[in-house]
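Asks: Contents of work-v5.txt (compact mmCIF, C-alpha atoms and all ligand atoms) are given next:
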```
# COMPACT_ATOMS: atom_id res chain seq x y z
CA MET A 628 62.71 93.74 47.22
CA LYS A 629 60.31 92.53 44.52
CA THR A 630 59.89 93.30 40.83
CA ASP A 631 56.40 93.96 39.49
CA THR A 632 56.25 90.26 38.61
CA GLY A 633 56.89 89.45 42.27
CA ARG A 634 60.38 88.03 41.69
CA ASP A 635 63.03 89.10 44.19
CA LEU A 636 65.01 91.63 42.19
CA GLN A 637 68.29 90.92 43.90
CA ARG A 638 68.20 87.17 43.23
CA ASP A 639 68.57 85.11 40.07
CA HIS A 640 65.99 82.55 39.00
CA ALA A 641 67.59 79.91 41.22
CA GLY A 642 67.29 82.20 44.26
CA ARG A 643 71.01 83.02 44.45
CA LEU A 644 72.04 86.58 45.29
CA ARG A 645 72.95 88.34 42.08
CA HIS A 646 72.84 91.95 43.33
CA LEU A 647 73.04 93.37 46.85
CA LEU A 648 70.44 96.14 46.99
CA THR A 649 69.15 95.70 50.55
CA LEU A 650 69.52 93.41 53.55
CA GLU A 651 65.73 93.08 53.69
CA GLY A 652 64.72 89.58 52.66
CA LEU A 653 68.11 88.00 53.35
CA ALA A 654 67.85 84.90 55.52
CA ARG A 655 69.78 84.62 58.76
CA ASP A 656 71.99 81.92 57.22
CA GLU A 657 72.82 84.09 54.21
CA ILE A 658 73.96 86.92 56.49
CA VAL A 659 75.95 84.50 58.67
CA GLN A 660 77.67 83.07 55.57
CA LEU A 661 78.65 86.56 54.41
CA LEU A 662 79.96 87.40 57.90
CA ASP A 663 81.91 84.14 58.11
CA LEU A 664 83.53 84.77 54.72
CA ALA A 665 84.30 88.36 55.75
CA GLN A 666 85.91 87.04 58.94
CA PHE A 667 88.11 84.83 56.75
CA TYR A 668 89.36 87.99 55.01
CA VAL A 669 89.93 90.00 58.22
CA ARG A 670 93.56 90.69 59.10
CA GLU A 671 95.02 92.34 62.18
CA PRO A 672 96.78 95.74 62.00
CA GLY A 673 100.36 95.19 60.85
CA ASP A 674 99.54 91.99 58.92
CA LEU A 675 99.54 91.90 55.13
CA PRO A 676 95.99 92.25 53.75
CA ALA A 677 94.14 89.13 52.61
CA ARG A 678 94.19 88.47 48.87
CA ASP A 679 92.73 85.87 46.55
CA GLY A 680 91.82 85.53 42.91
CA ALA A 681 88.04 85.34 43.25
CA LEU A 682 87.57 88.29 40.87
CA LEU A 683 90.44 87.62 38.43
CA GLY A 684 89.40 88.78 34.97
CA ARG A 685 86.41 90.76 36.33
CA THR A 686 85.94 94.50 36.24
CA VAL A 687 84.31 96.56 39.00
CA ALA A 688 83.14 100.16 38.46
CA ASN A 689 82.59 102.55 41.38
CA LEU A 690 79.87 105.11 40.59
CA PHE A 691 79.39 107.45 43.54
CA PHE A 692 76.92 110.27 42.98
CA GLU A 693 77.38 111.33 46.65
CA PRO A 694 80.65 111.88 48.55
CA SER A 695 82.35 108.93 50.24
CA THR A 696 85.71 108.06 51.76
CA ARG A 697 85.28 104.73 53.58
CA THR A 698 82.85 102.94 51.26
CA ARG A 699 84.41 103.95 47.96
CA VAL A 700 88.00 103.26 48.99
CA SER A 701 87.13 99.97 50.71
CA PHE A 702 85.22 98.70 47.65
CA GLU A 703 88.24 99.63 45.51
CA LEU A 704 90.66 97.85 47.86
CA ALA A 705 88.34 94.85 48.20
CA ALA A 706 87.99 94.42 44.43
CA THR A 707 91.72 94.95 43.84
CA ARG A 708 92.67 92.42 46.54
CA LEU A 709 90.39 89.88 44.85
CA GLY A 710 92.21 90.42 41.54
CA ALA A 711 89.67 92.60 39.69
CA ASP A 712 90.30 95.59 37.46
CA VAL A 713 88.70 98.66 39.08
CA VAL A 714 87.33 101.80 37.48
CA ASN A 715 86.48 104.84 39.61
CA LEU A 716 84.31 107.10 37.49
CA ASP A 717 85.04 110.75 38.19
CA LEU A 718 81.54 112.11 37.89
CA HIS A 719 82.68 115.73 37.66
CA SER A 720 84.60 115.00 34.48
CA SER A 721 82.34 112.25 33.09
CA SER A 722 79.84 112.75 30.27
CA ARG A 723 77.08 113.09 32.87
CA VAL A 724 77.96 116.80 33.06
CA LYS A 725 77.12 116.96 29.32
CA GLY A 726 73.68 115.54 30.07
CA GLU A 727 74.23 111.81 29.58
CA THR A 728 71.68 109.75 31.50
CA VAL A 729 72.75 107.33 34.22
CA LEU A 730 71.55 104.41 32.10
CA ASP A 731 73.60 105.54 29.11
CA THR A 732 76.62 105.78 31.42
CA ILE A 733 75.87 102.23 32.66
CA TYR A 734 75.41 100.88 29.11
CA THR A 735 78.68 102.52 28.06
CA LEU A 736 80.65 100.93 30.90
CA GLN A 737 78.84 97.61 30.41
CA ALA A 738 80.00 97.63 26.77
CA MET A 739 83.56 97.92 28.14
CA MET A 740 82.88 94.66 30.05
CA VAL A 741 82.25 96.00 33.52
CA ASP A 742 80.82 93.10 35.57
CA VAL A 743 79.90 94.82 38.83
CA PHE A 744 78.56 98.33 39.42
CA VAL A 745 78.99 99.76 42.93
CA MET A 746 76.58 102.66 43.29
CA ARG A 747 75.81 105.46 45.75
CA ASP A 748 73.12 108.07 45.21
CA SER A 749 71.21 110.68 47.21
CA GLU A 750 67.84 109.66 45.73
CA PRO A 751 66.06 106.41 46.58
CA GLY A 752 65.71 103.77 43.89
CA LEU A 753 68.76 104.11 41.63
CA PRO A 754 70.48 100.76 42.45
CA ALA A 755 67.24 98.82 41.87
CA PHE A 756 66.51 100.76 38.69
CA VAL A 757 69.96 100.00 37.29
CA ALA A 758 69.73 96.36 38.42
CA GLY A 759 66.57 96.07 36.35
CA HIS A 760 68.41 97.19 33.19
CA VAL A 761 71.85 95.55 33.20
CA GLN A 762 72.76 92.38 31.30
CA PRO A 763 72.15 89.04 33.07
CA HIS A 764 75.81 88.51 33.99
CA VAL A 765 76.18 92.00 35.51
CA SER A 766 75.63 92.80 39.20
CA VAL A 767 74.78 95.97 41.11
CA LEU A 768 75.90 96.60 44.69
CA ASN A 769 74.21 99.32 46.73
CA ALA A 770 76.91 101.45 48.40
CA GLY A 771 74.46 103.87 50.05
CA GLU A 772 70.98 104.83 48.84
CA ALA A 773 69.54 108.10 50.19
CA HIS A 774 68.16 107.50 53.71
CA VAL A 775 66.97 104.03 52.70
CA SER A 776 69.71 101.43 52.66
CA HIS A 777 73.47 100.84 53.06
CA PRO A 778 73.71 97.04 53.14
CA THR A 779 77.48 96.57 53.36
CA GLN A 780 77.62 99.05 56.26
CA GLY A 781 74.95 97.00 58.04
CA LEU A 782 77.05 93.87 57.55
CA LEU A 783 80.27 95.43 58.78
CA ASP A 784 78.50 96.79 61.84
CA VAL A 785 77.13 93.39 62.88
CA LEU A 786 80.49 91.76 62.12
CA THR A 787 82.17 94.26 64.46
CA ILE A 788 79.59 93.63 67.18
CA ARG A 789 79.97 89.87 66.79
CA GLN A 790 83.78 90.13 67.06
CA ARG A 791 83.68 92.33 70.17
CA LYS A 792 80.64 91.05 72.04
CA GLY A 793 79.85 87.56 70.73
CA ASP A 794 76.35 86.17 70.34
CA LEU A 795 73.88 88.92 69.42
CA GLN A 796 70.99 87.17 71.14
CA ASN A 797 72.38 88.24 74.52
CA LEU A 798 72.96 91.87 73.61
CA CYS A 799 71.14 95.17 73.95
CA VAL A 800 72.02 97.53 71.07
CA ALA A 801 71.08 101.23 71.19
CA ILE A 802 71.11 103.23 67.93
CA VAL A 803 71.33 106.90 68.90
CA GLY A 804 70.78 110.22 67.13
CA ASP A 805 69.64 111.13 63.63
CA ILE A 806 67.85 107.89 62.78
CA SER A 807 65.23 109.33 60.43
CA HIS A 808 67.83 110.34 57.81
CA SER A 809 70.11 107.33 58.33
CA ARG A 810 70.44 104.54 55.78
CA VAL A 811 73.03 103.02 58.12
CA ALA A 812 70.52 102.77 60.98
CA ARG A 813 68.02 101.00 58.70
CA SER A 814 70.47 98.46 57.29
CA THR A 815 72.16 97.78 60.62
CA ALA A 816 68.79 97.40 62.37
CA THR A 817 67.65 94.99 59.64
CA ALA A 818 70.79 92.88 60.09
CA LEU A 819 70.49 92.94 63.89
CA GLN A 820 66.85 91.84 63.84
CA THR A 821 67.51 89.11 61.26
CA LEU A 822 70.31 87.78 63.47
CA GLY A 823 68.01 87.81 66.50
CA VAL A 824 69.53 90.61 68.60
CA GLY A 825 68.37 90.49 72.21
CA GLU A 826 67.06 94.05 72.33
CA LEU A 827 67.15 96.86 69.77
CA ARG A 828 66.54 100.46 70.83
CA PHE A 829 66.11 103.62 68.78
CA VAL A 830 67.17 106.59 70.89
CA SER A 831 66.46 110.03 69.45
CA PRO A 832 64.49 113.24 69.68
CA ALA A 833 61.02 112.84 68.15
CA SER A 834 62.04 114.96 65.14
CA LEU A 835 64.79 112.46 64.21
CA ALA A 836 62.98 109.21 65.05
CA PRO A 837 62.23 106.52 62.45
CA GLU A 838 58.68 106.18 61.12
CA ALA A 839 56.24 104.64 63.60
CA ASP A 840 55.73 101.50 61.49
CA GLU A 841 59.44 100.79 60.94
CA PHE A 842 61.12 97.90 62.78
CA PRO A 843 58.33 96.35 64.85
CA GLY A 844 59.81 94.95 68.03
CA ALA A 845 62.38 97.72 68.48
CA LYS A 846 62.01 99.92 71.55
CA ARG A 847 61.73 103.72 71.14
CA CYS A 848 63.46 105.88 73.75
CA ALA A 849 62.96 109.62 74.03
CA SER A 850 65.83 110.24 76.47
CA LEU A 851 69.48 109.33 76.11
CA GLU A 852 69.75 108.11 79.69
CA ASP A 853 66.81 105.71 79.27
CA GLY A 854 68.08 104.65 75.87
CA ILE A 855 71.58 103.64 76.82
CA ARG A 856 70.91 102.37 80.34
CA GLY A 857 71.93 98.72 80.26
CA ALA A 858 73.12 98.81 76.63
CA ASP A 859 76.03 96.63 75.52
CA VAL A 860 76.50 98.39 72.19
CA ILE A 861 75.89 102.06 71.40
CA MET A 862 75.85 103.18 67.81
CA ALA A 863 76.14 106.94 67.38
CA LEU A 864 74.96 108.39 64.07
CA ARG A 865 76.03 111.44 62.14
CA ILE A 866 73.66 114.40 62.05
CA GLN A 867 72.92 114.41 58.31
CA LYS A 868 72.61 118.11 57.61
CA GLU A 869 72.59 117.49 53.86
CA ARG A 870 69.21 115.73 54.21
CA MET A 871 67.65 118.42 56.44
CA ASP A 872 66.15 121.79 55.72
CA GLN A 873 67.54 124.68 57.76
CA SER A 874 64.78 124.49 60.40
CA GLN A 875 65.61 120.84 61.21
CA ILE A 876 69.31 121.36 61.89
CA PRO A 877 69.77 121.15 65.67
CA ASP A 878 71.90 123.47 67.73
CA VAL A 879 75.27 121.72 68.06
CA ASP A 880 75.89 122.45 71.75
CA ALA A 881 72.35 121.57 72.77
CA PHE A 882 72.49 118.31 70.78
CA LEU A 883 75.78 117.26 72.36
CA LYS A 884 74.42 117.97 75.82
CA GLU A 885 71.16 116.08 75.35
CA TRP A 886 72.04 113.32 72.84
CA GLY A 887 75.84 113.18 72.58
CA ILE A 888 77.84 110.06 73.41
CA THR A 889 80.26 111.46 75.99
CA GLU A 890 82.35 110.21 78.89
CA ARG A 891 79.42 111.16 81.15
CA SER A 892 76.52 109.72 79.17
CA ILE A 893 78.27 106.41 78.50
CA LEU A 894 78.33 105.73 82.25
CA HIS A 895 74.67 104.66 81.95
CA ALA A 896 75.60 101.80 79.61
CA ASN A 897 76.67 98.35 80.76
CA LYS A 898 80.27 97.86 81.89
CA GLY A 899 82.37 97.01 78.85
CA ALA A 900 79.91 98.58 76.40
CA ILE A 901 81.35 99.43 73.01
CA VAL A 902 80.66 102.46 70.82
CA LEU A 903 80.23 102.31 67.06
CA HIS A 904 79.97 105.16 64.56
CA PRO A 905 79.71 104.60 60.79
CA GLY A 906 81.66 107.78 60.02
CA PRO A 907 82.25 110.41 58.98
CA MET A 908 82.01 111.67 62.57
CA ASN A 909 80.95 115.14 63.68
CA ARG A 910 83.23 115.29 66.71
CA GLY A 911 81.73 117.43 69.46
CA VAL A 912 78.21 117.00 68.06
CA GLU A 913 77.02 113.37 68.30
CA ILE A 914 80.23 112.01 69.86
CA THR A 915 83.21 113.46 71.73
CA SER A 916 86.82 112.76 70.79
CA ALA A 917 87.36 111.17 74.22
CA ILE A 918 84.85 108.47 73.24
CA ALA A 919 85.70 108.22 69.54
CA ASP A 920 89.39 107.66 70.31
CA GLY A 921 88.94 105.93 73.68
CA PRO A 922 88.96 102.29 74.77
CA ALA A 923 85.23 101.72 74.16
CA SER A 924 85.48 102.82 70.53
CA ALA A 925 85.17 100.22 67.77
CA VAL A 926 85.29 102.82 64.99
CA GLN A 927 88.62 101.80 63.44
CA GLN A 928 87.65 98.13 63.68
CA GLN A 929 84.47 98.96 61.73
CA VAL A 930 86.55 100.57 59.00
CA ARG A 931 88.92 97.60 58.87
CA ASN A 932 85.98 95.21 58.67
CA GLY A 933 84.54 97.26 55.81
CA VAL A 934 87.18 95.98 53.39
CA ALA A 935 86.67 92.36 54.51
CA VAL A 936 82.87 92.60 54.22
CA ARG A 937 83.09 94.09 50.74
CA MET A 938 85.50 91.33 49.69
CA ALA A 939 82.98 88.77 50.98
CA VAL A 940 80.08 90.40 49.13
CA LEU A 941 82.02 90.76 45.86
CA ALA A 942 83.33 87.18 46.03
CA THR A 943 79.86 85.79 46.80
CA ILE A 944 78.04 87.72 44.09
CA VAL A 945 80.62 86.94 41.42
CA ARG A 946 80.72 83.26 42.38
CA ASN A 947 76.93 83.11 42.07
CA VAL A 948 77.09 84.65 38.61
CA GLN A 949 79.85 82.20 37.60
CA VAL A 950 77.72 79.26 38.72
CA ARG A 951 74.85 80.56 36.61
CA ASN A 952 77.14 81.12 33.62
CA VAL A 953 78.51 77.59 33.83
CA GLN A 954 75.00 76.15 34.11
CA ALA A 955 73.91 78.24 31.11
CA GLY A 956 76.93 77.09 29.07
CA ARG A 957 78.34 80.64 28.80
CA ARG A 958 82.03 81.01 28.06
CA GLU A 959 84.09 81.94 31.14
CA VAL A 960 87.33 83.94 31.00
N1 LIG A 1001 80.07 105.01 56.51
C1 LIG A 1001 80.15 105.52 55.27
O1 LIG A 1001 79.33 105.23 54.38
O2 LIG A 1001 81.19 106.39 55.10
P1 LIG A 1001 81.55 107.12 53.73
O3 LIG A 1001 80.43 108.13 53.48
O4 LIG A 1001 82.88 107.78 53.94
O5 LIG A 1001 81.57 106.10 52.64
```
Kindly present the structure from the file in structure tokens form.
Replies:
Amino acid sequence: MKTDTGRDLQRDHAGRLRHLLTLEGLARDEIVQLLDLAQFYVREPGDLPARDGALLGRTVANLFFEPSTRTRVSFELAATRLGADVVNLDLHSSSRVKGETVLDTIYTLQAMMVDVFVMRDSEPGLPAFVAGHVQPHVSVLNAGEAHVSHPTQGLLDVLTIRQRKGDLQNLCVAIVGDISHSRVARSTATALQTLGVGELRFVSPASLAPEADEFPGAKRCASLEDGIRGADVIMALRIQKERMDQSQIPDVDAFLKEWGITERSILHANKGAIVLHPGPMNRGVEITSAIADGPASAVQQQVRNGVAVRMAVLATIVRNVQVRNVQAGRREV
């Protein structure tokens, strides 16, 4: 992601990550380092959650202009467990309803010493726009941008695959369903290709396929059976009705029969294949409950990894800003 001067907008002048707007342009080693740090923060069910003081004295603001359960709560938990103060702006009772612009809202919170903005929006471009206007010590993290990008989801997906299946170079991953409207598919595919996945497949009806020029090297499959035959990982996607006009919304029963991840369709995949879904799930549409709650499902592991990944991203970004502050002689807390 470049500015009009060609500088990578999500990096500082020394090339360190200052914002996380997209996984595009991240090197393999940078992704591996984030995954390794996330793994350090992962805890098993029943254990106490990981905590450290990496964000002590910092303030994180969650600004979600689209609904969210997993991402918003996991960013809040991640920031809290790293010692930050956290603000969740209630947009229905904020001054936005009185016509305040997003930038004025950002400037207002920045004046209250918010250090990190976590943002979700239904329109493309808001995280980068805000990143171009905040003070040099302030960071912006993209928590879901229209159909374009959801970088922390991409990271938690590849972390989950790595934990369950090991080296990605030996794996065939099939992303199935409503790919055209999916920011998750784009970020996860970017992470998979950067990490050198063995084979990446997009499996969907033509109406929900990604653009022809997206993800060179990925295989396109126009039937579910072809798409998941021999797959080690199947990622089912939510039908995103909120991004479709009425004519695009598929018939639920027909979609489940032709494209649903079910006990029958999964038989085409490799033995031991796992099933991911970013949530929220439309049970009985793109996935059945027998699969979502069954032994192949990695859905709850994805959610658990979401907190660890967001801790790793927050800790990395804030550490990078601290390094720059120290080098610039700025006063730290
Ligand atoms: N996967 C995901 O982004 O879920 P939420 O919409 O609940 O945040």
Asks: Between A:Leu736, A:Ser834, A:Arg678, A:Val934, which one has atoms that come closest to Ser874 in chain A, using all atoms listed in the file?
Replies: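 That would be A:Ser834, the residue with the smallest distance to Ser874 in chain A.
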Asks: Please build the interface table for chain A against ligand LIG 1001 (chain A) with a cut-off of 7 Å, listing for each qualifying residue the nearest atom pair and the distance in Å to one decimal; count all atoms listed in the file, order rows by chain and increasing number, and write it as JSON lines.
Replies:
```
{"residue": "A:Pro694", "atom": "CA", "partner": "A:LIG1001", "partner_atom": "O3", "distance": 6.2}
{"residue": "A:Ser695", "atom": "CA", "partner": "A:LIG1001", "partner_atom": "O5", "distance": 3.8}
{"residue": "A:Thr696", "atom": "CA", "partner": "A:LIG1001", "partner_atom": "O4", "distance": 3.6}
{"residue": "A:Arg697", "atom": "CA", "partner": "A:LIG1001", "partner_atom": "O4", "distance": 3.9}
{"residue": "A:Thr698", "atom": "CA", "partner": "A:LIG1001", "partner_atom": "O5", "distance": 3.7}
{"residue": "A:Arg699", "atom": "CA", "partner": "A:LIG1001", "partner_atom": "O5", "distance": 5.9}
{"residue": "A:Gly771", "atom": "CA", "partner": "A:LIG1001", "partner_atom": "O1", "distance": 6.7}
{"residue": "A:Gln780", "atom": "CA", "partner": "A:LIG1001", "partner_atom": "N1", "distance": 6.4}
{"residue": "A:Pro905", "atom": "CA", "partner": "A:LIG1001", "partner_atom": "N1", "distance": 4.3}
{"residue": "A:Gly906", "atom": "CA", "partner": "A:LIG1001", "partner_atom": "N1", "distance": 4.7}
{"residue": "A:Pro907", "atom": "CA", "partner": "A:LIG1001", "partner_atom": "O2", "distance": 5.7}
```
Asks: Quick one: residues within 12 Å of range 664-667 of chain A, all atoms listed in the file counted, chain neighbours fewer than 4 positions away excluded, as an MDAnalysis selection string?
Replies: chainID A and resid 657:660 671 676:679 705 779 782:787 789:790 931:943
Asks: Which residues are near Pro754 in chain A? Cut-off 10 Å, only C-alpha atoms, ignore same chain within fewer than 2 positions. Put them as a list in words.
Replies: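 Once the adjacent positions are removed, what remains is His646, Leu647, Leu648, Thr649, Phe744, Val745, Met746, Arg747, Asp748, Glu750, Pro751, Gly752, Phe756, Val757, Ala758, Gly759, Val767, Leu768, Asn769, Ala770, Gly771 and Glu772 of chain A.
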Asks: Any idea what the distance is between CA of Glu838 in chain A and CA of Arg810 in chain A?
Replies: 13.0 Å
Asks: When you look at His808 in chain A with a cut-off of 9 Å (counting only C-alpha atoms), what residues show up, excluding the ones that are within fewer than 6 positions of it in the same chain? I need them as a ChimeraX atom specification.
Replies: /A:773-775,835-837,866-867,870-871
Asks: Would you compute the box with edges along x, y and z of the file around range 915-930 of chain A, including every atom the file lists for it and 4 Å extra on each side, and give its centre and edge lengths in Å to one decimal, as lines of an AutoDock Vina configuration file?
Replies:
```
center_x = 86.3
center_y = 105.8
center_z = 66.9
size_x = 14.2
size_y = 23.3
size_z = 23.8
```
Asks: Tell me which protein, DNA and RNA residues are within 9 Å of Lys846 in chain A, counting only C-alpha atoms, leaving out same-chain ones fewer than 4 positions away, and put them as a list in words.
Replies: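 Once the adjacent positions are removed, what remains is Glu826, Leu827, Arg828, Phe829, Val830 and Gly854 of chain A.
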Asks: Select, from A:Thr821, A:His760, A:Val803, A:Arg946, the residue with the minimum atom-to-atom distance to Ser892 in chain A, counting all atoms listed in the file.
Replies: A:Val803
Asks: Have a look at A:Ala925, A:Val879, A:Leu718, A:Leu709 and name the one nearest to Arg685 in chain A; count all atoms listed in the file.
Replies: A:Leu709
Asks: Report, in Å to a single decimal, how far apart CA of Thr686 in chain A and CA of Gly710 in chain A are.
Replies: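 One can read the CA of Gly710 in chain A to CA of Thr686 in chain A distance as 9.2 Å.
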Asks: If you measure from CA of Ser776 in chain A to CA of Ile861 in chain A, what distance in Å do you get, rounded to one decimal?
Replies: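 According to the coordinates, CA of Ser776 in chain A and CA of Ile861 in chain A are separated by 19.7 Å.
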Asks: Using all atoms listed in the file, determine which residues lie at most 12 Å from Arg791 in chain A, disregarding the query and same-chain residues fewer than 2 positions distant; provide the list as a list in words.
Replies: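 Here the answer would be Asp784, Val785, Leu786, Thr787, Ile788, Arg789, Gly793, Asp794, Leu795, Leu798, Asp859, Val860, Gly899, Ala900, Ile901, Val902, Leu903, Ala923, Ser924, Ala925, Val926, Gln928 and Gln929 of chain A.
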